[in-house]
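This is entry18.cif (mmCIF, C-alpha atoms).
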data_input
loop_
_atom_site.label_atom_id
_atom_site.label_comp_id
_atom_site.auth_asym_id
_atom_site.auth_seq_id
_atom_site.Cartn_x
_atom_site.Cartn_y
_atom_site.Cartn_z
CA MET Q 1 -66.05 19.20 36.78
CA ALA Q 2 -62.50 20.54 37.14
CA GLU Q 3 -59.96 19.28 39.62
CA THR Q 4 -56.54 20.64 40.61
CA LEU Q 5 -53.58 18.29 40.10
CA THR Q 6 -49.81 18.79 40.12
CA LEU Q 7 -48.03 19.05 36.77
CA ILE Q 8 -44.54 17.77 36.19
CA ALA Q 9 -43.34 18.80 32.72
CA GLY Q 10 -40.13 17.33 31.39
CA ARG Q 11 -38.25 15.45 28.74
CA SER Q 12 -39.18 11.94 27.72
CA SER Q 13 -37.24 9.51 25.55
CA LYS Q 14 -40.10 9.42 23.05
CA GLN Q 15 -40.09 13.22 22.87
CA GLY Q 16 -36.33 13.21 22.26
CA THR Q 17 -36.49 10.69 19.44
CA SER Q 18 -39.49 12.36 17.80
CA LEU Q 19 -37.69 15.71 17.99
CA ASN Q 20 -35.07 14.24 15.65
CA VAL Q 21 -37.82 13.59 13.11
CA GLY Q 22 -38.98 17.22 13.36
CA LYS Q 23 -41.20 19.42 15.49
CA LEU Q 24 -43.83 19.68 12.77
CA LYS Q 25 -44.10 15.92 12.28
CA PRO Q 26 -47.02 13.92 13.75
CA GLU Q 27 -44.77 11.91 16.10
CA TYR Q 28 -43.56 15.04 17.90
CA GLN Q 29 -46.99 16.69 17.90
CA GLU Q 30 -48.54 13.59 19.47
CA VAL Q 31 -46.01 13.18 22.27
CA THR Q 32 -46.05 16.86 23.23
CA THR Q 33 -49.86 17.01 23.32
CA THR Q 34 -50.47 13.84 25.34
CA LEU Q 35 -50.99 14.29 29.08
CA GLU Q 36 -50.13 11.26 31.18
CA MET Q 37 -52.44 10.80 34.18
CA ASN Q 38 -52.88 8.27 36.96
CA GLU Q 39 -55.65 5.86 35.92
CA GLU Q 40 -57.49 6.36 39.22
CA ASP Q 41 -57.50 10.15 38.73
CA MET Q 42 -58.85 9.62 35.21
CA ALA Q 43 -61.63 7.34 36.46
CA ARG Q 44 -62.61 9.86 39.15
CA LEU Q 45 -62.81 12.60 36.49
CA GLY Q 46 -64.74 10.35 34.10
CA LEU Q 47 -61.93 10.34 31.54
CA GLN Q 48 -60.77 7.65 29.13
CA ASP Q 49 -57.61 7.37 27.03
CA GLY Q 50 -57.78 9.87 24.19
CA ASP Q 51 -60.24 12.26 25.84
CA GLN Q 52 -59.38 15.93 25.53
CA VAL Q 53 -58.74 17.95 28.67
CA ARG Q 54 -58.17 21.65 29.26
CA LEU Q 55 -55.26 22.46 31.55
CA ARG Q 56 -55.26 25.87 33.27
CA THR Q 57 -52.58 27.48 35.38
CA ALA Q 58 -52.21 30.99 36.75
CA VAL Q 59 -50.42 32.00 33.53
CA GLY Q 60 -52.13 30.12 30.70
CA GLN Q 61 -54.03 27.17 29.35
CA ALA Q 62 -53.74 24.36 26.80
CA VAL Q 63 -55.94 21.57 25.44
CA VAL Q 64 -54.35 18.12 25.17
CA ARG Q 65 -55.37 14.46 25.05
CA CYS Q 66 -54.96 12.27 28.11
CA LYS Q 67 -53.48 8.82 28.53
CA GLY Q 68 -53.71 6.63 31.62
CA ARG Q 69 -50.74 5.37 33.60
CA LYS Q 70 -50.73 2.84 36.41
CA ALA Q 71 -50.12 4.10 39.96
CA VAL Q 72 -46.68 2.44 40.05
CA ASP Q 73 -45.66 4.62 37.09
CA LEU Q 74 -47.42 7.87 38.05
CA PRO Q 75 -48.79 8.45 41.57
CA ALA Q 76 -52.29 9.83 42.10
CA GLY Q 77 -52.46 13.62 41.99
CA LEU Q 78 -49.53 13.99 39.56
CA ILE Q 79 -49.71 14.54 35.81
CA PHE Q 80 -46.90 14.54 33.26
CA LEU Q 81 -46.61 16.46 29.98
CA ALA Q 82 -43.53 16.35 27.74
CA TYR Q 83 -41.91 19.69 26.95
CA GLY Q 84 -43.42 21.36 23.90
CA PRO Q 85 -45.76 24.19 22.94
CA ALA Q 86 -48.61 22.97 25.19
CA SER Q 87 -46.45 22.71 28.32
CA SER Q 88 -44.86 26.09 27.57
CA GLN Q 89 -48.31 27.72 27.63
CA LEU Q 90 -48.69 26.58 31.25
CA MET Q 91 -45.36 27.89 32.61
CA GLY Q 92 -44.49 31.39 33.73
CA GLY Q 93 -41.49 33.32 32.46
CA ASP Q 94 -39.50 33.15 35.71
CA THR Q 95 -36.37 31.05 35.27
CA ALA Q 96 -34.88 31.63 38.74
CA GLY Q 97 -31.66 32.55 36.92
CA THR Q 98 -31.34 29.17 35.15
CA GLY Q 99 -32.61 30.15 31.71
CA MET Q 100 -35.28 27.43 31.91
CA PRO Q 101 -38.81 28.21 33.17
CA ILE Q 102 -39.93 26.45 36.33
CA SER Q 103 -41.70 23.33 35.07
CA LYS Q 104 -42.15 21.15 38.14
CA ASN Q 105 -44.77 21.18 40.89
CA ILE Q 106 -47.18 23.45 38.99
CA GLU Q 107 -50.80 23.49 40.17
CA VAL Q 108 -53.04 22.81 37.18
CA GLU Q 109 -56.80 22.77 36.88
CA VAL Q 110 -57.84 19.80 34.74
CA GLU Q 111 -61.25 19.53 33.08
CA ARG Q 112 -62.70 17.51 30.24
CA VAL Q 113 -63.66 19.30 27.03
CA ASN Q 114 -65.81 18.06 24.17
CA ASP Q 115 -64.13 20.01 21.42
CA ALA Q 116 -60.59 21.45 21.50
CA PHE Q 117 -61.40 24.03 18.86
CA THR Q 118 -64.55 25.51 20.37
CA GLY Q 119 -63.55 24.91 23.98
CA GLU Q 120 -67.09 23.70 24.61
CA ASP Q 121 -67.28 22.22 28.10
CA ASN Q 122 -68.79 18.85 28.81
#
Rendering of file as structure tokens:
Amino acid sequence: MAETLTLIAGRSSKQGTSLNVGKLKPEYQEVTTTLEMNEEDMARLGLQDGDQVRLRTAVGQAVVRCKGRKAVDLPAGLIFLAYGPASSQLMGGDTAGTGMPISKNIEVEVERVNDAFTGEDN
């Protein structure tokens, strides 16, 4: 079952250091395809660390793996994804004149998937 949560995309220190290694390297690929979620939200959705989820916005979708975070680190209802190809698929092209797409406070439908390649729903 899908649920709507609020996406905050942004830079992380791990993303920055893995970028120095290279965008095609496993370290960068992992950090930019790992969605951080509140552990309580994950439990409600029946998710565990490493499960794949499909994220859908009004402009696109992406499949990523999820990782739990405690409520003190990430409040319920919010999700975080480091900037990268997956987060870019979820943002519109409007930059509000800044040159950077709007990447905060994006409503995202989150649902578990069994297979990222077939998109087969659970």
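Selection check: the PyMOL selection byres ((chain Q and resi 34) around 6) on the shown file gives Val31, Thr32, Thr33, Leu35, Val64, Arg65 and Cys66 of chain Q.
Put simply, CA of Gly68 (chain Q) is 5.9 Å away from CA of Glu36 (chain Q).
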Exercise. If I put a ball of radius 8 Å at (-60.4, 19.5, 35.2) in the file's coordinates, which residues poke into it when counting all atoms listed in the file, written as a ChimeraX atom specification?
Worked result: /Q:1-4,45,53-55,109-112
For this session: Please indicate the distance in Å from CA of Ala86 (chain Q) to CA of Lys70 (chain Q), rounded to one decimal place.
Result: 23.1 Å
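From CA of Met37 (chain Q) back to CA of Arg69 (chain Q), the distance works out to 5.7 Å.
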For this session: Determine the nearest neighbour of Ile8 (chain Q) from the options Q:Pro75, Q:Pro26, Q:Gly46, Q:Gly60, counting all atoms listed in the file.
Result: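 The answer is Q:Pro75, which sits nearest to Ile8 (chain Q).
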Problem set entry | Local residues around (-42.4, 31.5, 35.8), at most 12 Å away, using all atoms listed in the file, as a PyMOL selection string | chain Q and resi 57-60+88-106
For this session: Identify all residues satisfying the PyMOL selection byres ((chain Q and resi 5) around 6) in the given file; provide them as a ChimeraX atom specification.
Result: /Q:4,6,77-78,107-108
Exercise. Nearest to Asn38 (chain Q) among Q:Ala62, Q:Gly50, Q:Ala76, Q:Ala82, with distances taken over only C-alpha atoms: which residue is it?
Worked result: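 Of all the options, Q:Ala76 lies closest to Asn38 (chain Q).
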Problem set entry | Shortest interatomic distance to Leu7 (chain Q) - which of Q:Ala71, Q:Val63, Q:Leu81, Q:Leu24, counting all atoms listed in the file | Q:Leu81
Starting from the incomplete input, reconstruct N, CA and C atoms of region 85-97 of chain Q and write that as a PDB file, in the coordinates of the input.
ATOM      1  N   PRO Q  85     -44.927  22.985  22.919  1.00  0.00           N
ATOM      2  CA  PRO Q  85     -45.760  24.190  22.940  1.00  0.00           C
ATOM      3  C   PRO Q  85     -46.853  24.169  24.009  1.00  0.00           C
ATOM      4  N   ALA Q  86     -47.525  23.035  24.188  1.00  0.00           N
ATOM      5  CA  ALA Q  86     -48.610  22.970  25.190  1.00  0.00           C
ATOM      6  C   ALA Q  86     -48.079  23.196  26.599  1.00  0.00           C
ATOM      7  N   SER Q  87     -46.987  22.532  26.963  1.00  0.00           N
ATOM      8  CA  SER Q  87     -46.450  22.710  28.320  1.00  0.00           C
ATOM      9  C   SER Q  87     -45.928  24.127  28.524  1.00  0.00           C
ATOM     10  N   SER Q  88     -45.380  24.722  27.465  1.00  0.00           N
ATOM     11  CA  SER Q  88     -44.860  26.090  27.570  1.00  0.00           C
ATOM     12  C   SER Q  88     -45.972  27.092  27.863  1.00  0.00           C
ATOM     13  N   GLN Q  89     -47.176  26.826  27.377  1.00  0.00           N
ATOM     14  CA  GLN Q  89     -48.310  27.720  27.630  1.00  0.00           C
ATOM     15  C   GLN Q  89     -48.720  27.717  29.096  1.00  0.00           C
ATOM     16  N   LEU Q  90     -48.281  26.725  29.851  1.00  0.00           N
ATOM     17  CA  LEU Q  90     -48.690  26.580  31.250  1.00  0.00           C
ATOM     18  C   LEU Q  90     -47.649  27.114  32.231  1.00  0.00           C
ATOM     19  N   MET Q  91     -46.462  27.445  31.748  1.00  0.00           N
ATOM     20  CA  MET Q  91     -45.360  27.890  32.610  1.00  0.00           C
ATOM     21  C   MET Q  91     -45.218  29.410  32.579  1.00  0.00           C
ATOM     22  N   GLY Q  92     -44.786  29.966  33.678  1.00  0.00           N
ATOM     23  CA  GLY Q  92     -44.490  31.390  33.730  1.00  0.00           C
ATOM     24  C   GLY Q  92     -43.130  31.669  33.105  1.00  0.00           C
ATOM     25  N   GLY Q  93     -42.763  32.928  33.054  1.00  0.00           N
ATOM     26  CA  GLY Q  93     -41.490  33.320  32.460  1.00  0.00           C
ATOM     27  C   GLY Q  93     -40.323  33.322  33.422  1.00  0.00           C
ATOM     28  N   ASP Q  94     -40.577  33.133  34.713  1.00  0.00           N
ATOM     29  CA  ASP Q  94     -39.500  33.150  35.710  1.00  0.00           C
ATOM     30  C   ASP Q  94     -38.607  31.930  35.540  1.00  0.00           C
ATOM     31  N   THR Q  95     -37.317  32.155  35.411  1.00  0.00           N
ATOM     32  CA  THR Q  95     -36.370  31.050  35.270  1.00  0.00           C
ATOM     33  C   THR Q  95     -35.502  30.852  36.497  1.00  0.00           C
ATOM     34  N   ALA Q  96     -35.693  31.697  37.520  1.00  0.00           N
ATOM     35  CA  ALA Q  96     -34.880  31.630  38.740  1.00  0.00           C
ATOM     36  C   ALA Q  96     -33.392  31.668  38.392  1.00  0.00           C
ATOM     37  N   GLY Q  97     -33.057  32.381  37.316  1.00  0.00           N
ATOM     38  CA  GLY Q  97     -31.660  32.550  36.920  1.00  0.00           C
ATOM     39  C   GLY Q  97     -31.069  31.380  36.158  1.00  0.00           C
TER      40      GLY Q  97
END
